[in-house]
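Pasting model14.txt here (compact mmCIF, C-alpha atoms):
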```
# COMPACT_ATOMS: atom_id res chain seq x y z
CA MET D 1 -19.16 -49.94 7.29
CA PRO D 2 -15.48 -50.55 6.41
CA ALA D 3 -15.77 -48.14 3.49
CA ILE D 4 -17.17 -45.44 5.78
CA ASN D 5 -14.37 -45.96 8.30
CA SER D 6 -11.79 -45.68 5.52
CA LYS D 7 -13.19 -42.35 4.34
CA THR D 8 -13.36 -41.07 7.91
CA ASN D 9 -9.73 -42.01 8.55
CA LYS D 10 -8.62 -40.27 5.35
CA LYS D 11 -10.54 -37.16 6.35
CA ASN D 12 -8.98 -37.12 9.83
CA ASN D 13 -5.50 -37.65 8.37
CA ARG D 14 -6.07 -34.74 5.98
CA GLN D 15 -7.21 -32.47 8.83
CA ASN D 16 -4.24 -33.47 10.99
CA THR D 17 -1.94 -32.57 8.10
CA ILE D 18 -3.33 -29.07 7.52
CA MET D 19 -1.92 -27.24 10.56
CA PRO D 20 1.73 -28.38 10.34
CA LEU D 21 1.61 -27.81 6.58
CA ARG D 22 0.36 -24.25 7.06
CA LEU D 23 3.07 -23.49 9.59
CA THR D 24 5.73 -24.90 7.27
CA LEU D 25 4.36 -22.96 4.30
CA LEU D 26 4.21 -19.66 6.17
CA ILE D 27 7.83 -19.88 7.30
CA CYS D 28 9.19 -21.05 3.96
CA LEU D 29 7.17 -18.76 1.73
CA PHE D 30 8.15 -15.48 3.31
CA ILE D 31 11.82 -16.31 3.95
CA VAL D 32 13.14 -18.23 0.96
CA SER D 33 10.53 -18.10 -1.80
CA ASN D 34 12.08 -15.64 -4.24
CA THR D 35 14.29 -18.13 -6.12
CA SER D 36 13.84 -21.49 -7.87
CA PRO D 37 16.12 -23.30 -5.36
CA ALA D 38 13.89 -21.85 -2.65
CA GLN D 39 10.86 -23.49 -4.24
CA GLU D 40 12.75 -26.79 -4.17
CA SER D 41 13.46 -26.17 -0.47
CA VAL D 42 9.76 -25.55 0.21
CA LYS D 43 8.86 -28.77 -1.62
CA ASN D 44 11.37 -30.78 0.44
CA GLU D 45 9.96 -29.34 3.67
CA LEU D 46 6.45 -30.31 2.56
CA ILE D 47 7.52 -33.87 1.73
CA LYS D 48 9.27 -34.16 5.11
CA THR D 49 6.19 -32.89 6.97
CA LEU D 50 3.83 -35.20 5.08
CA LYS D 51 5.88 -38.27 5.92
CA GLN D 52 6.16 -37.25 9.58
CA VAL D 53 2.39 -36.73 9.87
CA ASP D 54 1.53 -40.03 8.17
CA PRO D 55 4.41 -42.59 7.92
CA ARG D 56 2.23 -44.70 5.60
CA ILE D 57 2.73 -42.15 2.79
CA ASP D 58 5.47 -43.41 0.47
CA THR D 59 8.15 -41.14 -0.99
CA LYS D 60 6.65 -41.07 -4.50
CA THR D 61 3.22 -40.03 -3.23
CA ALA D 62 4.75 -37.39 -0.93
CA GLU D 63 6.77 -35.95 -3.83
CA SER D 64 3.66 -35.82 -6.02
CA LEU D 65 1.71 -34.00 -3.29
CA GLY D 66 4.65 -31.62 -2.74
CA ILE D 67 4.91 -30.70 -6.42
CA SER D 68 1.15 -30.12 -6.64
CA ALA D 69 1.27 -27.90 -3.55
CA ILE D 70 4.15 -25.83 -4.99
CA LYS D 71 2.23 -25.20 -8.21
CA GLU D 72 -0.79 -24.13 -6.19
CA ILE D 73 1.15 -21.88 -3.83
CA PHE D 74 3.24 -20.03 -6.39
CA SER D 75 0.35 -19.35 -8.78
CA LYS D 76 -2.41 -18.17 -6.42
CA PRO D 77 -1.98 -15.17 -4.13
CA ASP D 78 -5.31 -15.95 -2.43
CA LEU D 79 -3.63 -18.93 -0.72
CA LEU D 80 -1.04 -16.55 0.72
CA ASN D 81 -3.98 -14.39 1.74
CA ASP D 82 -5.50 -17.23 3.75
CA LEU D 83 -2.23 -18.27 5.39
CA PHE D 84 -1.15 -14.76 6.25
CA SER D 85 -4.49 -13.53 7.62
CA LYS D 86 -5.01 -16.58 9.85
CA ASN D 87 -1.55 -16.29 11.38
CA ILE D 88 -1.98 -12.56 11.95
CA GLU D 89 -5.23 -13.33 13.79
CA LEU D 90 -3.30 -15.76 16.01
CA LEU D 91 -0.62 -13.13 16.60
CA GLU D 92 -3.23 -10.60 17.66
CA LYS D 93 -4.86 -13.04 20.09
CA LYS D 94 -1.62 -14.27 21.68
CA SER D 95 0.02 -10.96 22.44
CA SER D 96 -0.92 -7.35 21.87
CA THR D 97 2.67 -6.06 22.06
CA PRO D 98 4.07 -7.54 18.81
CA TYR D 99 0.76 -6.84 17.11
CA LYS D 100 0.97 -3.15 17.97
CA PHE D 101 4.54 -3.08 16.70
CA ILE D 102 3.56 -4.27 13.20
CA ARG D 103 0.10 -2.65 13.01
CA ASP D 104 1.43 -0.02 10.58
CA LEU D 105 2.74 -2.65 8.17
CA ASN D 106 0.58 -2.97 5.04
CA ILE D 107 1.08 -5.99 2.79
CA LYS D 108 -0.24 -6.57 -0.73
CA PRO D 109 0.32 -10.16 -1.97
CA LYS D 110 -0.21 -9.98 -5.73
CA THR D 111 0.43 -11.33 -9.19
CA PHE D 112 1.82 -8.84 -11.68
CA GLN D 113 2.16 -8.99 -15.44
CA ALA D 114 4.76 -6.79 -17.12
CA ASP D 115 4.88 -6.33 -20.89
CA SER D 116 8.26 -8.09 -21.09
CA PHE D 117 7.82 -10.81 -18.43
CA SER D 118 5.53 -13.71 -17.71
CA VAL D 119 3.03 -13.55 -14.85
CA SER D 120 4.89 -13.41 -11.55
CA LEU D 121 3.85 -13.73 -7.93
CA GLY D 122 5.10 -11.38 -5.24
CA PHE D 123 4.04 -8.71 -2.81
CA GLU D 124 4.21 -5.00 -2.11
CA TYR D 125 5.00 -3.82 1.40
CA LYS D 126 4.65 -0.47 3.11
CA TYR D 127 5.43 0.46 6.69
CA GLU D 128 4.89 4.00 7.89
CA ASN D 129 5.03 5.31 11.44
CA SER D 130 5.05 8.90 12.67
CA TRP D 131 5.66 10.67 15.95
CA THR D 132 3.95 14.05 15.90
CA LYS D 133 4.10 17.11 18.11
CA ASN D 134 1.60 19.93 17.54
CA LYS D 135 1.77 23.55 18.55
CA LYS D 136 -0.99 26.11 18.11
CA THR D 137 0.29 29.43 16.71
CA GLY D 138 -2.53 31.94 16.27
CA LYS D 139 -4.84 30.74 13.49
CA SER D 140 -2.42 28.06 12.28
CA LEU D 141 -1.07 24.81 13.63
CA PHE D 142 2.63 23.95 13.58
CA LEU D 143 3.32 20.24 13.17
CA GLN D 144 6.60 18.48 13.89
CA ASN D 145 6.79 14.95 12.49
CA TYR D 146 9.41 12.26 12.84
CA ASP D 147 8.65 9.68 10.16
CA LEU D 148 9.92 6.14 9.62
CA SER D 149 9.05 4.55 6.29
CA PHE D 150 9.79 1.33 4.37
CA ASN D 151 8.23 0.47 1.01
CA GLY D 152 8.84 -1.50 -2.17
CA ASP D 153 7.90 -4.43 -4.41
CA VAL D 154 9.30 -7.94 -4.04
CA ALA D 155 8.89 -10.70 -6.62
CA PHE D 156 9.39 -14.34 -5.66
CA LYS D 157 11.44 -14.59 -8.87
CA LYS D 158 13.59 -11.47 -8.64
CA LYS D 159 14.42 -11.40 -12.36
CA GLN D 160 10.72 -10.92 -13.10
CA ASN D 161 10.32 -7.87 -10.85
CA PRO D 162 9.57 -4.84 -13.08
CA ASN D 163 9.47 -2.45 -10.08
CA SER D 164 12.65 -3.48 -8.28
CA PHE D 165 13.07 -0.38 -6.13
CA LEU D 166 13.05 -0.49 -2.32
CA GLU D 167 13.19 2.67 -0.22
CA SER D 168 13.76 2.97 3.53
CA SER D 169 13.80 6.43 5.07
CA LEU D 170 13.92 8.43 8.27
CA SER D 171 12.79 12.06 8.14
CA TYR D 172 11.91 15.12 10.15
CA GLU D 173 9.28 17.57 8.97
CA GLY D 174 8.15 20.95 10.18
CA ALA D 175 4.86 22.08 8.68
CA PHE D 176 2.23 24.76 9.05
CA MET D 177 -1.45 23.95 8.66
CA TRP D 178 -4.12 26.62 8.69
CA GLY D 179 -7.85 26.70 8.07
CA GLY D 180 -10.18 23.74 8.52
CA GLN D 181 -12.14 25.47 11.27
CA PRO D 182 -15.94 25.26 11.63
CA MET D 183 -17.74 28.56 11.21
CA LYS D 184 -20.01 29.80 14.00
CA ILE D 185 -23.60 28.54 13.89
CA ASP D 186 -26.73 30.05 15.40
CA ASP D 187 -28.81 28.48 18.19
CA ALA D 188 -31.50 27.17 15.85
CA THR D 189 -28.94 25.30 13.73
CA SER D 190 -27.25 23.96 16.87
CA ASP D 191 -30.58 22.56 18.12
CA LYS D 192 -31.24 20.95 14.74
CA ILE D 193 -27.84 19.24 14.79
CA GLN D 194 -28.52 17.92 18.28
CA GLU D 195 -31.84 16.43 17.11
CA ILE D 196 -30.13 14.66 14.22
CA GLU D 197 -27.39 13.28 16.47
CA ASP D 198 -30.05 11.89 18.81
CA SER D 199 -31.71 10.23 15.80
CA ILE D 200 -28.38 8.69 14.82
CA LEU D 201 -28.01 7.07 18.25
CA GLU D 202 -31.58 5.74 18.11
CA ARG D 203 -31.09 4.23 14.67
CA ARG D 204 -27.81 2.62 15.68
CA GLU D 205 -29.50 0.98 18.68
CA ARG D 206 -32.24 -0.34 16.37
CA LYS D 207 -29.57 -1.37 13.82
CA GLU D 208 -31.16 0.76 11.12
CA PRO D 209 -29.31 2.73 8.38
CA TYR D 210 -28.07 6.08 9.67
CA LEU D 211 -25.33 7.31 7.31
CA ASP D 212 -27.76 9.64 5.53
CA LEU D 213 -28.20 11.53 8.82
CA TYR D 214 -24.48 12.34 8.88
CA GLN D 215 -24.92 13.96 5.48
CA GLN D 216 -27.65 16.14 7.00
CA VAL D 217 -25.29 17.18 9.79
CA ASN D 218 -22.57 18.01 7.27
CA SER D 219 -24.96 20.18 5.27
CA LEU D 220 -25.59 22.31 8.36
CA ILE D 221 -21.93 22.83 9.26
CA THR D 222 -19.54 24.96 7.19
CA VAL D 223 -15.81 24.37 7.57
CA THR D 224 -13.19 26.72 6.14
CA ASP D 225 -10.74 25.52 3.48
CA GLN D 226 -7.54 24.04 4.84
CA PHE D 227 -3.95 24.42 3.58
CA TYR D 228 -0.69 22.69 4.39
CA LEU D 229 2.93 23.68 3.74
CA GLY D 230 5.90 21.77 5.09
CA VAL D 231 9.67 21.35 4.78
CA LYS D 232 11.15 17.89 5.29
CA GLY D 233 14.72 16.74 5.86
CA LYS D 234 14.99 13.14 4.72
CA PHE D 235 17.66 10.43 4.82
CA ALA D 236 16.85 7.48 2.55
CA PHE D 237 18.45 4.18 1.61
CA GLU D 238 17.48 2.99 -1.89
CA SER D 239 18.18 -0.40 -3.46
CA ASN D 240 16.89 -3.00 -5.86
CA GLN D 241 15.34 -6.21 -4.57
CA ASP D 242 18.56 -8.23 -4.13
CA PHE D 243 20.65 -5.20 -3.02
CA THR D 244 23.07 -5.53 -5.94
CA LYS D 245 22.40 -1.82 -6.52
CA ARG D 246 22.12 0.49 -3.57
CA GLN D 247 22.61 4.14 -2.70
CA PHE D 248 22.02 6.69 0.04
CA ALA D 249 19.85 9.69 -0.79
CA PRO D 250 19.66 12.46 1.84
CA GLY D 251 17.55 15.37 0.70
CA ILE D 252 15.28 18.33 1.40
CA LEU D 253 11.65 18.24 0.32
CA ILE D 254 8.84 20.81 0.26
CA GLY D 255 5.29 19.55 0.59
CA PHE D 256 2.01 21.26 -0.21
CA GLY D 257 -1.59 20.17 0.22
CA ALA D 258 -5.10 21.59 0.45
CA LYS D 259 -8.59 20.51 1.50
CA GLY D 260 -11.60 22.28 -0.02
CA TRP D 261 -14.00 21.78 2.88
CA ASN D 262 -16.06 24.93 2.23
CA LYS D 263 -18.90 24.19 -0.20
CA ASN D 264 -19.25 27.90 -0.99
CA GLU D 265 -15.63 28.49 -2.03
CA ALA D 266 -14.00 27.81 -5.42
CA LEU D 267 -11.14 25.61 -4.16
CA ARG D 268 -13.10 22.36 -4.28
CA TYR D 269 -14.04 22.98 -7.92
CA LEU D 270 -10.35 23.34 -8.85
CA ASN D 271 -9.93 19.65 -8.01
CA ILE D 272 -10.22 18.63 -11.67
CA PHE D 273 -8.83 15.16 -10.88
CA ASP D 274 -12.06 14.31 -9.06
CA TYR D 275 -14.51 15.29 -11.85
CA PRO D 276 -14.59 11.85 -13.58
CA PHE D 277 -15.14 10.14 -10.25
CA ALA D 278 -17.89 12.60 -9.27
CA LEU D 279 -19.71 11.48 -12.42
CA ILE D 280 -19.18 7.79 -11.57
CA ARG D 281 -20.49 8.35 -8.03
CA LEU D 282 -23.59 10.02 -9.48
CA LEU D 283 -24.25 7.26 -12.03
CA THR D 284 -23.78 4.49 -9.45
CA GLY D 285 -26.02 6.20 -6.89
CA THR D 286 -23.14 6.66 -4.44
CA ASP D 287 -23.89 10.39 -4.35
CA ALA D 288 -27.32 11.88 -4.96
CA THR D 289 -25.84 14.83 -6.87
CA PHE D 290 -22.74 15.64 -8.92
CA ASN D 291 -20.44 16.30 -6.00
CA VAL D 292 -16.74 17.17 -6.39
CA TYR D 293 -14.81 16.25 -3.26
CA GLY D 294 -12.62 19.10 -2.06
CA ALA D 295 -11.04 16.84 0.58
CA THR D 296 -9.34 14.72 -2.10
CA PHE D 297 -7.25 17.55 -3.55
CA PRO D 298 -3.87 16.06 -4.67
CA SER D 299 -0.81 16.45 -2.46
CA PHE D 300 2.54 17.59 -3.88
CA LEU D 301 6.12 16.95 -2.83
CA PHE D 302 9.10 18.60 -4.53
CA GLY D 303 12.73 18.46 -3.51
CA LEU D 304 16.44 17.93 -4.06
CA ASP D 305 18.37 14.74 -3.23
CA TYR D 306 22.12 14.32 -2.84
CA VAL D 307 22.59 10.74 -4.05
CA ILE D 308 25.60 8.75 -2.83
CA PRO D 309 25.98 5.47 -4.78
CA ASN D 310 27.17 2.63 -2.59
CA LYS D 311 27.02 -0.19 -5.12
CA ASP D 312 26.05 0.39 -8.76
CA THR D 313 28.01 -1.67 -11.31
CA VAL D 314 26.10 -0.18 -14.25
CA ARG D 315 26.93 3.40 -13.32
CA LYS D 316 30.58 2.56 -12.61
CA LYS D 317 30.91 0.76 -15.94
CA LEU D 318 29.44 3.71 -17.85
CA ILE D 319 31.36 6.60 -16.27
CA GLY D 320 34.17 4.84 -14.41
CA ASN D 321 33.21 6.00 -10.90
CA LYS D 322 30.48 6.12 -8.28
CA ASP D 323 30.69 9.81 -7.49
CA PRO D 324 27.71 11.44 -5.69
CA PHE D 325 25.24 13.46 -7.76
CA THR D 326 22.26 15.75 -7.18
CA ARG D 327 18.76 14.82 -8.23
CA LEU D 328 15.47 16.67 -8.45
CA ARG D 329 12.29 14.81 -7.54
CA LEU D 330 8.57 15.41 -7.68
CA GLU D 331 5.73 13.32 -6.26
CA VAL D 332 1.98 13.80 -6.65
CA GLY D 333 -0.53 11.68 -4.72
CA PHE D 334 -4.28 11.42 -5.20
CA LYS D 335 -7.02 9.31 -3.59
CA THR D 336 -10.80 9.50 -3.91
CA ARG D 337 -13.90 7.38 -3.54
CA VAL D 338 -15.18 5.77 -6.73
CA ALA D 339 -18.37 4.05 -5.58
CA ARG D 340 -20.18 2.45 -2.68
CA ILE D 341 -21.81 -0.87 -3.54
CA GLY D 342 -23.68 -2.17 -0.52
CA LYS D 343 -21.15 -2.24 2.31
CA GLU D 344 -18.26 -2.31 -0.14
CA VAL D 345 -16.39 0.96 -0.75
CA ILE D 346 -14.08 1.27 -3.76
CA HIS D 347 -11.32 3.88 -3.92
CA PHE D 348 -9.09 5.10 -6.72
CA ILE D 349 -5.47 5.70 -5.63
CA SER D 350 -2.71 7.09 -7.83
CA ASN D 351 0.87 8.27 -7.46
CA PHE D 352 3.22 9.96 -9.91
CA ARG D 353 7.00 10.27 -9.39
CA TRP D 354 9.63 12.11 -11.42
CA TYR D 355 13.40 11.95 -10.88
CA GLN D 356 15.91 14.09 -12.80
CA GLU D 357 19.68 14.02 -12.31
CA LEU D 358 21.30 17.47 -12.57
CA ASN D 359 24.25 17.86 -14.98
CA PRO D 360 24.50 14.14 -15.80
CA ASN D 361 27.45 12.56 -17.61
CA ASN D 362 26.88 12.06 -21.38
CA ALA D 363 27.04 8.27 -20.98
CA ILE D 364 24.28 8.47 -18.39
CA LYS D 365 22.15 10.61 -20.73
CA ILE D 366 22.70 8.37 -23.75
CA ASN D 367 21.59 5.32 -21.74
CA LYS D 368 18.58 7.30 -20.46
CA LEU D 369 19.52 6.83 -16.82
CA ASP D 370 19.41 10.52 -15.94
CA MET D 371 15.61 10.73 -15.75
CA SER D 372 12.81 8.41 -14.73
CA THR D 373 9.05 8.82 -14.43
CA PHE D 374 6.75 6.38 -12.70
CA PHE D 375 2.95 6.29 -12.51
CA VAL D 376 0.74 3.84 -10.66
CA ALA D 377 -3.06 3.79 -10.42
CA SER D 378 -5.20 1.27 -8.57
CA LEU D 379 -8.77 0.45 -7.66
CA GLU D 380 -8.98 -0.87 -4.11
CA SER D 381 -11.94 -2.23 -2.19
CA TYR D 382 -12.48 -1.78 1.54
CA THR D 383 -12.18 -5.56 2.02
CA GLY D 384 -8.72 -5.58 0.43
CA LEU D 385 -9.04 -6.70 -3.20
CA PHE D 386 -7.18 -4.43 -5.63
CA ILE D 387 -6.19 -4.15 -9.27
CA SER D 388 -3.47 -1.76 -10.41
CA TYR D 389 -1.72 -0.45 -13.50
CA THR D 390 1.86 0.84 -13.53
CA ALA D 391 3.76 2.63 -16.30
CA GLY D 392 7.29 4.00 -16.48
CA LYS D 393 10.44 3.16 -14.57
CA LEU D 394 12.08 3.81 -11.22
CA PRO D 395 15.73 4.94 -10.70
CA PHE D 396 17.29 1.45 -10.92
CA ASP D 397 15.24 0.31 -13.94
CA ARG D 398 16.81 0.25 -17.41
CA LYS D 399 13.59 0.54 -19.42
CA ASN D 400 9.95 1.51 -19.17
CA ASP D 401 7.43 -1.21 -18.37
CA GLN D 402 3.68 -1.45 -18.27
CA VAL D 403 2.63 -3.63 -15.36
CA TYR D 404 -0.78 -4.99 -14.37
CA ALA D 405 -1.24 -6.34 -10.86
CA LEU D 406 -4.02 -8.13 -9.01
CA GLY D 407 -4.04 -9.10 -5.36
CA PHE D 408 -5.12 -8.42 -1.78
CA ARG D 409 -4.25 -5.69 0.69
CA TYR D 410 -3.57 -6.17 4.39
CA ASP D 411 -3.71 -3.22 6.76
CA LEU D 412 -2.52 -4.97 9.89
CA GLY D 413 -4.85 -3.38 12.40
CA ASN D 414 -5.31 0.01 10.73
CA SER D 415 -8.47 -0.95 8.82
CA LYS D 416 -10.17 -1.71 12.11
CA ASP D 417 -9.64 1.85 13.23
CA LYS D 418 -11.43 3.38 10.24
```
As structure tokens, please, write out the structure in this file.
Amino acid sequence: MPAINSKTNKKNNRQNTIMPLRLTLLICLFIVSNTSPAQESVKNELIKTLKQVDPRIDTKTAESLGISAIKEIFSKPDLLNDLFSKNIELLEKKSSTPYKFIRDLNIKPKTFQADSFSVSLGFEYKYENSWTKNKKTGKSLFLQNYDLSFNGDVAFKKKQNPNSFLESSLSYEGAFMWGGQPMKIDDATSDKIQEIEDSILERRERKEPYLDLYQQVNSLITVTDQFYLGVKGKFAFESNQDFTKRQFAPGILIGFGAKGWNKNEALRYLNIFDYPFALIRLLTGTDATFNVYGATFPSFLFGLDYVIPNKDTVRKKLIGNKDPFTRLRLEVGFKTRVARIGKEVIHFISNFRWYQELNPNNAIKINKLDMSTFFVASLESYTGLFISYTAGKLPFDRKNDQVYALGFRYDLGNSKDK
């Protein structure tokens, strides 16, 4: 009996320790965890919490537990995953107002391995919010968007960040969108669609599979191809992770996109990027036939930036000043479905960026700082696991890197709307 009581007491003490430890970890990890002194600070907080929870723990034991916890925390992003998700759930339950405010924030805790660095732990963040006003003009739709965006990569050890480029921007866009309208259908087809929709409701009530019925509906409806053309005025603030390099980059961008909805038109077959994935979907049984998705046609963004360096010691050292300069930029984005395995859906997502300074100083050209290209490709599951590959460099990088990353994605609220 005494042995059983001893084990029970140890178990209760361990459970009583978990909650204050988690709270301490969450605060410390996301505020001060990107330097070695910060890790020491986290360890000291852990030791302090352990001794407060159980005064019987001596200093040596507390230090040993603290060191072990630090090693565990800073080497496994899945622990961050657990801490972050549980606290977001609490945030959602306590108050809907702050939750709605951050629902557009997407977080990717991850480990990344660059060819010139050891494995490092960090996260990628992206916040995007838009206010849109639509106006119908004949057969087209005129969109007015006010966009707020923040994105970048942060490493807990900043010297090991191969993608140290943060961008925050505010923009206004006026765009025309035309097409994407369903063609007229006859009465017989309309009745058939109604029958299928009734069957969908019945299957859902019986909790039976019904997704195949949506495919039948889609086969009966023809939608015209859709096109998009927009002009965007953008004001951006760019920096590296510790803000030792920073610059303002107002600019004008032109965007173009298309959706090949019509199965009888050639546009969808021009989406050559989707051909390899159409084959994978066929081989994995995701699609019954070789089906090229016209809706995943890449989007393009091309423009001109007027860059105003605010702090850039490298540039000042090379050319003796921080004068503004003009820069061309191009971005291409692509996303498509790779496979459906049970309830799990896997997507391929890629982005290519190109920056070119116009009429650069010879010192800038010699040091290869006038141009940068950056490519990232990732496989992401619906539940959040992802693996990515990155090649090239961003504007503040001095050399090209190849980076492999593995981690988890958090869409704070958005995934529940899909």
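Closest approach to Leu282 (chain D) among D:Pro209, D:Glu357, D:Val338, D:Thr59: D:Val338, based on all atoms listed in the file.
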For each of D:Phe235, D:Tyr146, D:Phe277, D:Tyr269, take the minimum atom-to-atom distance to Leu304 (chain D), counting all atoms listed in the file, then give the residue where this is smallest.
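Under the stated criterion, the closest residue is D:Phe235.
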Computed interatomic separation between CA of Tyr355 (chain D) and CA of Asp401 (chain D) (Å)
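The value is 16.3 Å.
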Tell me, as a compact mmCIF listing (two decimals) with C-alpha atoms, keeping the file's coordinate frame, which residues lie within 12 Å of Lys317 (chain D), counting only C-alpha atoms; anything in the same chain fewer than 6 positions away does not count.
```txt
# COMPACT_ATOMS: atom_id res chain seq x y z
CA LYS D 311 27.02 -0.19 -5.12
CA ALA D 363 27.04 8.27 -20.98
CA ILE D 364 24.28 8.47 -18.39
CA ASN D 367 21.59 5.32 -21.74
```
Give the answer as one residue: which of D:Arg204, D:Lys343, D:Arg353, D:Asp370 has the shortest atom-to-atom distance to Thr383 (chain D), using all atoms listed in the file?
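Ranking D:Arg204, D:Lys343, D:Arg353, D:Asp370 by distance to Thr383 (chain D), first place goes to D:Lys343.
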